[in-house]
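J.: See upload37.txt below, with compact mmCIF, C-alpha atoms.
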```txt
# COMPACT_ATOMS: atom_id res chain seq x y z
CA MET A 1 34.72 -54.83 77.13
CA LEU A 2 33.17 -56.98 74.43
CA ASN A 3 34.51 -60.42 73.52
CA LYS A 4 36.21 -60.77 70.15
CA ASN A 5 34.41 -64.08 69.66
CA ILE A 6 32.84 -63.28 66.29
CA ALA A 7 31.05 -65.23 63.56
CA VAL A 8 29.58 -64.55 60.13
CA ILE A 9 26.19 -66.05 59.20
CA GLY A 10 25.83 -66.29 55.43
CA SER A 11 27.96 -67.76 52.65
CA GLY A 12 27.25 -65.43 49.74
CA SER A 13 29.64 -62.85 48.33
CA TRP A 14 29.41 -60.45 51.27
CA GLY A 15 29.65 -63.19 53.89
CA THR A 16 32.71 -64.61 52.15
CA ALA A 17 34.37 -61.20 51.94
CA LEU A 18 33.73 -60.50 55.63
CA VAL A 19 35.23 -63.84 56.67
CA LYS A 20 38.32 -63.05 54.62
CA LEU A 21 38.52 -59.58 56.15
CA LEU A 22 38.18 -60.77 59.75
CA GLY A 23 40.79 -63.44 59.15
CA HIS A 24 43.41 -60.70 58.92
CA ASN A 25 42.87 -59.67 62.55
CA LEU A 26 41.50 -62.69 64.43
CA ASP A 27 42.83 -66.15 65.23
CA LYS A 28 39.39 -67.72 64.76
CA VAL A 29 36.24 -66.72 62.91
CA GLY A 30 32.98 -68.69 63.06
CA TRP A 31 31.15 -69.12 59.77
CA TRP A 32 27.72 -70.56 59.02
CA VAL A 33 27.31 -71.81 55.46
CA ARG A 34 24.19 -73.34 53.98
CA HIS A 35 25.62 -76.39 52.23
CA GLU A 36 27.91 -79.19 53.39
CA SER A 37 29.60 -79.12 49.98
CA THR A 38 30.57 -75.48 50.55
CA LYS A 39 32.02 -76.32 53.95
CA ASN A 40 34.08 -79.21 52.59
CA HIS A 41 35.42 -77.19 49.65
CA VAL A 42 36.47 -74.30 51.90
CA MET A 43 38.31 -76.62 54.28
CA VAL A 44 40.16 -78.41 51.47
CA HIS A 45 40.80 -75.60 48.98
CA GLY A 46 40.50 -72.40 51.04
CA ARG A 47 37.92 -70.91 48.67
CA ASN A 48 34.15 -70.60 48.43
CA PRO A 49 33.17 -72.67 45.37
CA ASP A 50 30.01 -70.63 44.73
CA TYR A 51 30.96 -67.00 45.40
CA LEU A 52 34.16 -64.98 45.01
CA GLN A 53 36.09 -68.07 44.05
CA TYR A 54 39.26 -65.96 43.69
CA ALA A 55 39.15 -64.91 47.36
CA GLU A 56 41.82 -66.76 49.33
CA LEU A 57 40.56 -67.82 52.75
CA LEU A 58 42.46 -69.27 55.71
CA PRO A 59 40.78 -72.58 56.66
CA GLU A 60 42.95 -72.95 59.75
CA LYS A 61 41.29 -69.81 61.16
CA ILE A 62 37.72 -70.70 60.23
CA ASP A 63 35.30 -72.62 62.43
CA ILE A 64 32.88 -73.47 59.64
CA SER A 65 29.53 -75.20 60.17
CA THR A 66 26.21 -75.83 58.47
CA ASP A 67 24.55 -75.78 61.90
CA MET A 68 23.44 -72.20 62.53
CA LYS A 69 22.44 -72.99 66.09
CA TYR A 70 25.99 -74.17 66.84
CA ILE A 71 27.39 -70.88 65.56
CA VAL A 72 24.84 -68.83 67.50
CA ASP A 73 25.49 -70.75 70.72
CA ASN A 74 29.28 -70.52 70.51
CA TYR A 75 29.89 -66.94 69.35
CA ASP A 76 29.09 -63.62 71.00
CA ILE A 77 29.13 -61.22 68.05
CA LEU A 78 27.02 -62.44 65.13
CA ILE A 79 27.30 -60.80 61.73
CA PHE A 80 24.27 -61.62 59.60
CA ALA A 81 24.96 -61.57 55.85
CA ILE A 82 21.91 -63.42 54.53
CA PRO A 83 19.80 -61.65 51.89
CA SER A 84 16.91 -59.94 53.66
CA ALA A 85 14.31 -61.77 51.58
CA PHE A 86 15.50 -65.06 53.09
CA LEU A 87 16.64 -63.95 56.55
CA LYS A 88 13.54 -64.88 58.53
CA LYS A 89 13.03 -68.18 56.70
CA SER A 90 16.68 -69.17 57.23
CA ILE A 91 16.57 -68.43 60.95
CA ILE A 92 13.32 -70.37 61.41
CA ALA A 93 14.56 -73.31 59.32
CA ASN A 94 17.67 -73.57 61.50
CA ASN A 95 15.70 -73.53 64.77
CA VAL A 96 17.35 -70.41 66.13
CA THR A 97 15.02 -68.99 68.77
CA ASP A 98 17.25 -67.35 71.37
CA LEU A 99 19.68 -64.49 70.73
CA SER A 100 19.85 -63.25 74.31
CA GLY A 101 23.21 -61.85 75.28
CA LYS A 102 24.37 -61.63 71.66
CA ILE A 103 25.65 -58.62 69.76
CA ILE A 104 23.94 -58.58 66.37
CA VAL A 105 25.60 -56.85 63.43
CA SER A 106 23.65 -56.59 60.18
CA ALA A 107 25.57 -56.64 56.93
CA ILE A 108 22.22 -56.89 55.12
CA LYS A 109 21.25 -53.98 52.90
CA GLY A 110 17.59 -54.71 52.55
CA ILE A 111 14.31 -55.09 54.37
CA VAL A 112 12.53 -58.10 55.87
CA PRO A 113 9.58 -58.53 53.48
CA GLU A 114 7.31 -60.51 55.78
CA SER A 115 6.97 -57.53 58.12
CA ASN A 116 8.32 -54.53 56.13
CA GLN A 117 11.00 -54.01 58.79
CA ILE A 118 14.60 -52.99 58.53
CA VAL A 119 16.82 -55.71 59.95
CA ALA A 120 17.50 -53.91 63.24
CA ASN A 121 13.76 -53.66 63.94
CA TYR A 122 13.28 -57.33 63.08
CA PHE A 123 15.87 -58.53 65.59
CA HIS A 124 14.49 -56.15 68.21
CA THR A 125 10.83 -57.15 67.85
CA ASP A 126 11.21 -60.86 67.09
CA PHE A 127 14.14 -61.70 69.41
CA ASP A 128 13.99 -58.89 71.97
CA VAL A 129 17.56 -57.83 71.16
CA LYS A 130 18.16 -54.39 72.65
CA TYR A 131 18.88 -51.65 70.10
CA ASN A 132 22.10 -50.96 71.98
CA ASP A 133 23.21 -54.49 71.03
CA ILE A 134 22.47 -54.06 67.32
CA GLY A 135 24.96 -52.70 64.81
CA ILE A 136 24.93 -51.97 61.08
CA ILE A 137 27.68 -52.38 58.51
CA ALA A 138 27.33 -49.64 55.89
CA GLY A 139 29.32 -48.86 52.75
CA PRO A 140 30.47 -47.69 50.37
CA CYS A 141 31.89 -51.11 49.69
CA HIS A 142 31.49 -54.04 47.30
CA ALA A 143 32.39 -57.58 48.34
CA GLU A 144 34.32 -58.14 45.13
CA GLU A 145 36.81 -55.37 45.85
CA VAL A 146 37.21 -56.45 49.48
CA ALA A 147 38.07 -59.93 48.22
CA MET A 148 40.66 -58.41 45.86
CA GLN A 149 42.06 -56.36 48.76
CA LYS A 150 41.45 -53.05 47.02
CA LEU A 151 41.46 -50.04 49.32
CA SER A 152 37.91 -49.70 50.67
CA PHE A 153 35.91 -47.91 53.36
CA LEU A 154 33.27 -49.25 55.75
CA THR A 155 31.11 -47.65 58.43
CA ILE A 156 30.05 -49.42 61.63
CA ALA A 157 26.94 -47.94 63.24
CA PHE A 158 25.88 -48.56 66.85
CA LEU A 159 23.93 -46.35 69.22
CA ASP A 160 26.98 -46.51 71.49
CA GLU A 161 30.08 -44.93 69.97
CA GLU A 162 32.54 -47.06 71.96
CA ARG A 163 30.84 -50.25 70.86
CA ALA A 164 30.93 -49.09 67.24
CA GLN A 165 34.65 -48.41 67.53
CA PHE A 166 35.33 -51.80 69.10
CA VAL A 167 33.66 -53.62 66.21
CA ALA A 168 35.23 -51.29 63.64
CA ASP A 169 38.69 -52.18 64.94
CA LEU A 170 38.02 -55.85 64.22
CA PHE A 171 37.68 -55.04 60.52
CA SER A 172 40.45 -52.49 60.14
CA THR A 173 43.33 -53.64 57.91
CA TRP A 174 45.83 -52.10 55.52
CA PHE A 175 43.19 -52.19 52.75
CA MET A 176 40.09 -51.40 54.84
CA LYS A 177 39.54 -47.98 56.38
CA MET A 178 36.88 -47.78 59.06
CA LYS A 179 34.65 -45.07 60.48
CA THR A 180 31.81 -45.13 62.98
CA SER A 181 28.30 -43.73 63.29
CA THR A 182 25.47 -43.71 65.81
CA ASP A 183 22.73 -43.50 63.15
CA ILE A 184 21.64 -47.14 62.92
CA ALA A 185 18.21 -46.42 61.43
CA GLY A 186 19.44 -43.80 58.96
CA THR A 187 22.32 -45.89 57.64
CA GLU A 188 20.12 -48.94 57.25
CA TYR A 189 17.30 -47.16 55.43
CA ALA A 190 19.77 -45.30 53.21
CA ALA A 191 21.41 -48.61 52.30
CA MET A 192 18.04 -50.03 51.40
CA ILE A 193 16.95 -47.06 49.28
CA LYS A 194 20.23 -46.87 47.34
CA ASN A 195 19.56 -50.41 46.07
CA ILE A 196 16.28 -49.18 44.58
CA VAL A 197 18.06 -46.22 43.00
CA ALA A 198 20.68 -48.55 41.53
CA ILE A 199 17.91 -50.53 39.85
CA ALA A 200 16.55 -47.27 38.42
CA ASN A 201 20.00 -46.37 37.12
CA GLY A 202 20.39 -49.82 35.60
CA ILE A 203 17.04 -49.48 33.84
CA CYS A 204 18.24 -46.18 32.37
CA ILE A 205 21.43 -47.85 31.16
CA GLY A 206 19.43 -50.67 29.60
CA LEU A 207 17.23 -48.14 27.83
CA GLY A 208 20.25 -46.32 26.43
CA TYR A 209 20.22 -43.20 28.60
CA GLY A 210 23.62 -41.55 28.90
CA ASP A 211 25.85 -40.24 31.66
CA ASN A 212 24.16 -36.86 31.71
CA PHE A 213 20.77 -38.26 32.67
CA GLN A 214 22.31 -40.67 35.17
CA ALA A 215 23.98 -37.75 36.94
CA VAL A 216 20.63 -35.96 37.29
CA LEU A 217 19.01 -39.18 38.51
CA ILE A 218 21.62 -39.67 41.26
CA VAL A 219 21.38 -36.05 42.45
CA ASN A 220 17.62 -36.42 42.75
CA ALA A 221 18.13 -39.75 44.52
CA MET A 222 20.26 -37.99 47.13
CA ARG A 223 17.37 -35.64 47.77
CA GLU A 224 14.93 -38.56 47.94
CA ILE A 225 17.02 -40.29 50.60
CA ARG A 226 17.35 -37.08 52.60
CA ARG A 227 13.60 -36.37 52.46
CA PHE A 228 12.74 -39.84 53.67
CA LEU A 229 15.26 -39.89 56.51
CA GLU A 230 14.35 -36.38 57.69
CA ASP A 231 10.65 -37.26 57.77
CA VAL A 232 10.80 -40.75 59.24
CA PHE A 233 13.94 -40.59 61.44
CA PRO A 234 14.67 -36.93 62.12
CA GLN A 235 18.05 -36.41 63.74
CA TYR A 236 21.26 -34.60 62.92
CA ARG A 237 23.17 -36.41 60.18
CA LYS A 238 25.44 -35.43 57.31
CA VAL A 239 23.78 -37.09 54.33
CA MET A 240 26.81 -36.22 52.20
CA ASP A 241 28.94 -38.60 54.30
CA THR A 242 30.24 -41.80 52.75
CA GLU A 243 27.77 -44.15 54.46
CA TYR A 244 24.92 -42.34 52.71
CA VAL A 245 25.96 -40.74 49.41
CA GLY A 246 29.12 -42.81 48.98
CA ASP A 247 27.14 -46.01 49.24
CA LEU A 248 24.59 -44.64 46.79
CA LEU A 249 27.25 -43.74 44.23
CA VAL A 250 29.14 -47.03 44.25
CA THR A 251 25.96 -49.12 44.07
CA SER A 252 24.52 -47.04 41.23
CA TYR A 253 27.67 -46.89 39.10
CA SER A 254 29.75 -49.99 39.84
CA LYS A 255 29.94 -52.94 37.46
CA PHE A 256 29.84 -55.15 40.57
CA SER A 257 26.42 -53.84 41.65
CA ARG A 258 23.84 -56.62 41.34
CA ASN A 259 21.01 -54.07 41.67
CA ARG A 260 22.37 -52.02 38.79
CA THR A 261 22.78 -55.22 36.78
CA PHE A 262 19.23 -56.27 37.62
CA GLY A 263 17.91 -52.94 36.38
CA THR A 264 19.98 -53.11 33.20
CA TYR A 265 18.37 -56.42 32.26
CA ILE A 266 14.91 -54.96 32.91
CA GLY A 267 15.73 -51.91 30.79
CA ARG A 268 16.80 -54.18 27.94
CA GLY A 269 13.42 -55.88 27.97
CA TYR A 270 14.06 -58.99 30.06
CA SER A 271 11.25 -60.20 32.30
CA ILE A 272 11.83 -60.34 36.05
CA LYS A 273 11.93 -64.13 35.95
CA ALA A 274 14.46 -64.15 33.11
CA THR A 275 16.57 -61.52 34.87
CA MET A 276 16.75 -63.55 38.06
CA ALA A 277 17.68 -66.66 36.07
CA GLU A 278 20.47 -64.80 34.28
CA MET A 279 21.92 -63.24 37.45
CA LYS A 280 21.72 -66.23 39.81
CA MET A 281 22.12 -63.72 42.67
CA VAL A 282 19.68 -61.77 44.81
CA SER A 283 18.85 -58.16 44.02
CA GLU A 284 17.89 -56.67 47.39
CA GLY A 285 16.31 -53.67 45.69
CA TYR A 286 13.68 -55.81 43.97
CA TYR A 287 12.19 -56.82 47.33
CA ALA A 288 12.93 -53.50 49.03
CA VAL A 289 10.97 -51.30 46.64
CA LYS A 290 7.69 -53.10 47.36
CA CYS A 291 8.27 -52.82 51.09
CA LEU A 292 9.22 -49.15 50.93
CA VAL A 293 6.09 -48.27 48.98
CA GLU A 294 4.03 -49.99 51.68
CA ILE A 295 5.91 -48.20 54.46
CA ASN A 296 5.53 -44.86 52.72
CA LYS A 297 1.74 -45.14 52.63
CA GLU A 298 1.90 -43.97 56.23
CA HIS A 299 4.53 -41.26 55.81
CA LYS A 300 3.63 -39.97 52.33
CA VAL A 301 7.13 -38.74 51.52
CA TYR A 302 7.67 -37.68 47.90
CA LEU A 303 9.66 -40.59 46.41
CA PRO A 304 9.37 -40.36 42.61
CA ILE A 305 12.32 -42.66 41.83
CA THR A 306 11.09 -45.33 44.22
CA GLU A 307 7.59 -45.10 42.76
CA ALA A 308 8.91 -45.38 39.20
CA VAL A 309 10.86 -48.55 39.99
CA TYR A 310 7.83 -50.01 41.77
CA ASN A 311 5.58 -49.27 38.79
CA ILE A 312 7.98 -51.05 36.44
CA LEU A 313 8.65 -54.10 38.61
CA TYR A 314 5.25 -54.65 40.22
CA GLU A 315 2.67 -52.85 38.11
CA GLY A 316 4.01 -53.93 34.73
CA VAL A 317 4.45 -50.41 33.36
CA SER A 318 6.80 -50.19 30.38
CA PRO A 319 10.31 -49.04 31.45
CA THR A 320 10.37 -46.69 28.44
CA ILE A 321 7.15 -44.97 29.44
CA GLU A 322 7.87 -44.88 33.18
CA MET A 323 11.36 -43.41 32.78
CA LYS A 324 9.99 -40.75 30.43
CA LEU A 325 7.41 -39.84 33.09
CA LEU A 326 10.12 -39.82 35.76
CA SER A 327 12.35 -37.54 33.69
CA ASP A 328 9.65 -34.86 33.82
CA LYS A 329 9.75 -34.95 37.65
CA LEU A 330 13.53 -34.56 38.01
CA ASN A 331 15.48 -31.33 38.13
```
Could you take the file, read its structure, and then write that structure out as structure tokens?

T.:
Amino acid sequence: MLNKNIAVIGSGSWGTALVKLLGHNLDKVGWWVRHESTKNHVMVHGRNPDYLQYAELLPEKIDISTDMKYIVDNYDILIFAIPSAFLKKSIIANNVTDLSGKIIVSAIKGIVPESNQIVANYFHTDFDVKYNDIGIIAGPCHAEEVAMQKLSFLTIAFLDEERAQFVADLFSTWFMKMKTSTDIAGTEYAAMIKNIVAIANGICIGLGYGDNFQAVLIVNAMREIRRFLEDVFPQYRKVMDTEYVGDLLVTSYSKFSRNRTFGTYIGRGYSIKATMAEMKMVSEGYYAVKCLVEINKEHKVYLPITEAVYNILYEGVSPTIEMKLLSDKLN
């Protein structure tokens, strides 16, 4: 039986929402935050001053620290909720070198850019964490709605079904329905690709495309995800399940989606630098699309939506021209 000694590493929107969620079921939750000012504000006011300020936290249940090594040393189940682009740098900067004996759960929907690895692979290769000790939190779910206690659904993926259920039970509340999966690679890659698709959808919105085209785009995106997963990680899976298509839909359509918002700015003519300055939040899809294109050089899966987003963001192709070219490839 696993220990319920659990901590969240990351103080952004998703990390904040997960701490709030776990506080419903546990007497104590560890929490690593980056800044001392964040720690002090949470302990005094019960809110994160930088993200989801409306989310009411329970300071008496939170063991909050800016020392990541302290959190790693004192908790058995570690939920990482740091944007993938900064994951490796954050771990190195905080002198974390040993994760032996830990259960690692990734709430990160991106890819580690330094090595083009999904997060599970990164922890396995760099820290020798066994795949059986690595779990994935998959959607469909936005941090904002979790913080508002709106009815939501999450999927916990582990290779071992019993372990997945144990962790899922820690999150289950009256407003959070849980399910489990054993497809850790599939759920993680699908979560990464849907961020790219959400950028594409946002670009279409920024360009003035309507609902009709967006519907066609999302249907083709479902096929793109299925093709990639079947080629790279062939196993039985129901791609129409919520952790795949559900996550794709909510990220592509929701007003809370930072990837959709990122794409909308690009479609309206903003530069990447200006878009990032306006958002003040990380768009995982921006980093993921470059990594996926590199990964796909080996596999050569047909990924027209991914390639279109890459051409716009990294090759400087006009969004108007690229989306017109993409429209001729969709059906």

J.: Just the residues within 12 Å of Ala93 in chain A, please, counting only C-alpha atoms, with nothing from its chain fewer than 2 positions along; format it as a compact mmCIF listing (two decimals) with C-alpha atoms, keeping the file's coordinate frame.

T.:
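Writing the result to selection.txt gives the following:
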```txt
# COMPACT_ATOMS: atom_id res chain seq x y z
CA ARG A 34 24.19 -73.34 53.98
CA THR A 66 26.21 -75.83 58.47
CA ASP A 67 24.55 -75.78 61.90
CA MET A 68 23.44 -72.20 62.53
CA LYS A 69 22.44 -72.99 66.09
CA PHE A 86 15.50 -65.06 53.09
CA LEU A 87 16.64 -63.95 56.55
CA LYS A 88 13.54 -64.88 58.53
CA LYS A 89 13.03 -68.18 56.70
CA SER A 90 16.68 -69.17 57.23
CA ILE A 91 16.57 -68.43 60.95
CA ASN A 95 15.70 -73.53 64.77
CA VAL A 96 17.35 -70.41 66.13
CA THR A 97 15.02 -68.99 68.77
```

J.: To one decimal place in Å, what is the distance between CA of His41 in chain A and CA of Glu144 in chain A?

T.: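 Taking CA of His41 in chain A and CA of Glu144 in chain A, their separation equals 19.6 Å.
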
J.: Interatomic distance between CA of Gln235 in chain A and CA of Val197 in chain A?

T.: 22.9 Å

J.: Looking at A:Gln117, A:Asn220, A:Asn25, A:Gln53, which one is nearest to Met176 in chain A, with distances taken over only C-alpha atoms?

T.: A:Asn25

J.: Rounded to one decimal place, report the CA of Glu315 in chain A-CA of Asp231 in chain A distance in Å.

T.: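 CA of Asp231 in chain A lies at a distance of 26.3 Å from CA of Glu315 in chain A.
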
J.: Taking 5 positions as the minimum chain separation for residues in the same chain, which residues sit within 6 Å of range 281-284 of chain A when counting only C-alpha atoms? Answer as a ChimeraX atom specification.

T.: /A:110,258-259

J.: Given the choices A:Ile79, A:Val129, A:Ala120, A:Ala143, which gets closest to Ala55 in chain A if the distance is worked out from only C-alpha atoms?

T.: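 Residue with the minimum atom-to-atom distance to Ala55 in chain A: A:Ala143.
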
J.: For the point (27.7, -53.2, 35.7) in file coordinates, what residues are within 12 Å, counting only C-alpha atoms? Give the answer as a list of chain:residue names?

T.: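 Residues lying no farther than 12 Å from the given point: A:Ala198, A:Ile199, A:Asn201, A:Gly202, A:Ile203, A:Ile205, A:Gly206, A:Val250, A:Thr251, A:Ser252, A:Tyr253, A:Ser254, A:Lys255, A:Phe256, A:Ser257, A:Arg258, A:Asn259, A:Arg260, A:Thr261, A:Phe262, A:Gly263, A:Thr264, A:Tyr265, A:Met279.
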
J.: Quick one: of A:Leu249, A:Val29, A:Cys204, A:Leu159, who's nearest to Ala191 in chain A, counting all atoms listed in the file?

T.: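 Checking each of A:Leu249, A:Val29, A:Cys204, A:Leu159 against Ala191 in chain A, counting all atoms listed in the file, the winner is A:Leu249.
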
J.: Write out as a list in words each polymer residue whose atoms come within 8 Å of Tyr244 in chain A, counting only C-alpha atoms; drop sequence neighbours fewer than 5 positions from it.

T.: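 Selected residues are Gly139, Thr187, Ala190, Ala191 and Val239 of chain A.
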
J.: Please list as a ChimeraX atom specification every residue within 8 Å of range 165-174 of chain A, counting all atoms listed in the file and excluding residues in the same chain fewer than 3 positions away.

T.: /A:2,4,21-22,24-26,151,155-156,161-162,177-180

J.: Export C-alpha atoms of the chosen residues as an mmCIF file, in the frame of the given file?

T.:
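The resulting file, out_13.cif, is shown below:
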```cif
data_model
loop_
_atom_site.group_PDB
_atom_site.id
_atom_site.type_symbol
_atom_site.label_atom_id
_atom_site.label_comp_id
_atom_site.auth_asym_id
_atom_site.auth_seq_id
_atom_site.Cartn_x
_atom_site.Cartn_y
_atom_site.Cartn_z
ATOM 1 C CA LEU A 2 33.170 -56.980 74.430
ATOM 2 C CA LYS A 4 36.210 -60.770 70.150
ATOM 3 C CA LEU A 21 38.520 -59.580 56.150
ATOM 4 C CA LEU A 22 38.180 -60.770 59.750
ATOM 5 C CA HIS A 24 43.410 -60.700 58.920
ATOM 6 C CA ASN A 25 42.870 -59.670 62.550
ATOM 7 C CA LEU A 26 41.500 -62.690 64.430
ATOM 8 C CA LEU A 151 41.460 -50.040 49.320
ATOM 9 C CA THR A 155 31.110 -47.650 58.430
ATOM 10 C CA ILE A 156 30.050 -49.420 61.630
ATOM 11 C CA GLU A 161 30.080 -44.930 69.970
ATOM 12 C CA GLU A 162 32.540 -47.060 71.960
ATOM 13 C CA LYS A 177 39.540 -47.980 56.380
ATOM 14 C CA MET A 178 36.880 -47.780 59.060
ATOM 15 C CA LYS A 179 34.650 -45.070 60.480
ATOM 16 C CA THR A 180 31.810 -45.130 62.980
#
```

J.: Complete the atoms of range 175-183 of chain A to all heavy atoms and put them out as a compact mmCIF listing (two decimals), in the frame of the given file.

T.:
```
# COMPACT_ATOMS: atom_id res chain seq x y z
N PHE A 175 44.01 -52.52 53.92
CA PHE A 175 43.19 -52.19 52.75
C PHE A 175 41.75 -51.82 53.12
O PHE A 175 40.93 -51.60 52.24
CB PHE A 175 43.19 -53.32 51.72
CG PHE A 175 42.58 -54.61 52.20
CD1 PHE A 175 41.23 -54.87 52.03
CD2 PHE A 175 43.36 -55.58 52.81
CE1 PHE A 175 40.66 -56.06 52.46
CE2 PHE A 175 42.80 -56.78 53.24
CZ PHE A 175 41.46 -57.02 53.07
N MET A 176 41.44 -51.76 54.41
CA MET A 176 40.09 -51.40 54.84
C MET A 176 40.13 -50.29 55.88
O MET A 176 40.60 -50.47 57.00
CB MET A 176 39.37 -52.62 55.43
CG MET A 176 37.93 -52.32 55.87
SD MET A 176 36.87 -51.74 54.52
CE MET A 176 36.68 -53.27 53.57
N LYS A 177 39.66 -49.12 55.48
CA LYS A 177 39.54 -47.98 56.38
C LYS A 177 38.16 -48.00 57.04
O LYS A 177 37.16 -48.28 56.37
CB LYS A 177 39.72 -46.66 55.62
CG LYS A 177 41.02 -46.55 54.85
CD LYS A 177 42.20 -46.38 55.75
CE LYS A 177 43.47 -46.11 54.95
NZ LYS A 177 44.66 -45.99 55.83
N MET A 178 38.14 -47.70 58.32
CA MET A 178 36.88 -47.78 59.06
C MET A 178 36.49 -46.44 59.65
O MET A 178 37.34 -45.63 60.02
CB MET A 178 37.02 -48.80 60.20
CG MET A 178 37.43 -50.20 59.77
SD MET A 178 36.25 -51.00 58.65
CE MET A 178 34.76 -50.99 59.65
N LYS A 179 35.17 -46.21 59.74
CA LYS A 179 34.65 -45.07 60.48
C LYS A 179 33.43 -45.54 61.25
O LYS A 179 32.93 -46.66 61.02
CB LYS A 179 34.31 -43.90 59.56
CG LYS A 179 33.20 -44.18 58.58
CD LYS A 179 32.81 -42.94 57.78
CE LYS A 179 32.15 -41.89 58.64
NZ LYS A 179 31.54 -40.79 57.87
N THR A 180 32.94 -44.73 62.15
CA THR A 180 31.81 -45.13 62.98
C THR A 180 30.68 -44.12 62.88
O THR A 180 30.86 -42.98 62.45
CB THR A 180 32.23 -45.27 64.46
OG1 THR A 180 32.68 -43.99 64.93
CG2 THR A 180 33.33 -46.31 64.62
N SER A 181 29.50 -44.57 63.30
CA SER A 181 28.30 -43.73 63.29
C SER A 181 27.40 -44.20 64.41
O SER A 181 27.51 -45.32 64.90
CB SER A 181 27.58 -43.86 61.93
OG SER A 181 26.29 -43.26 61.97
N THR A 182 26.49 -43.33 64.83
CA THR A 182 25.47 -43.71 65.81
C THR A 182 24.07 -43.72 65.18
O THR A 182 23.07 -43.90 65.87
CB THR A 182 25.47 -42.75 67.01
OG1 THR A 182 25.27 -41.41 66.54
CG2 THR A 182 26.79 -42.83 67.77
N ASP A 183 24.01 -43.57 63.87
CA ASP A 183 22.73 -43.50 63.15
C ASP A 183 22.37 -44.87 62.58
O ASP A 183 22.48 -45.10 61.37
CB ASP A 183 22.83 -42.45 62.05
CG ASP A 183 21.51 -42.23 61.32
OD1 ASP A 183 20.46 -42.65 61.84
OD2 ASP A 183 21.54 -41.63 60.21
```
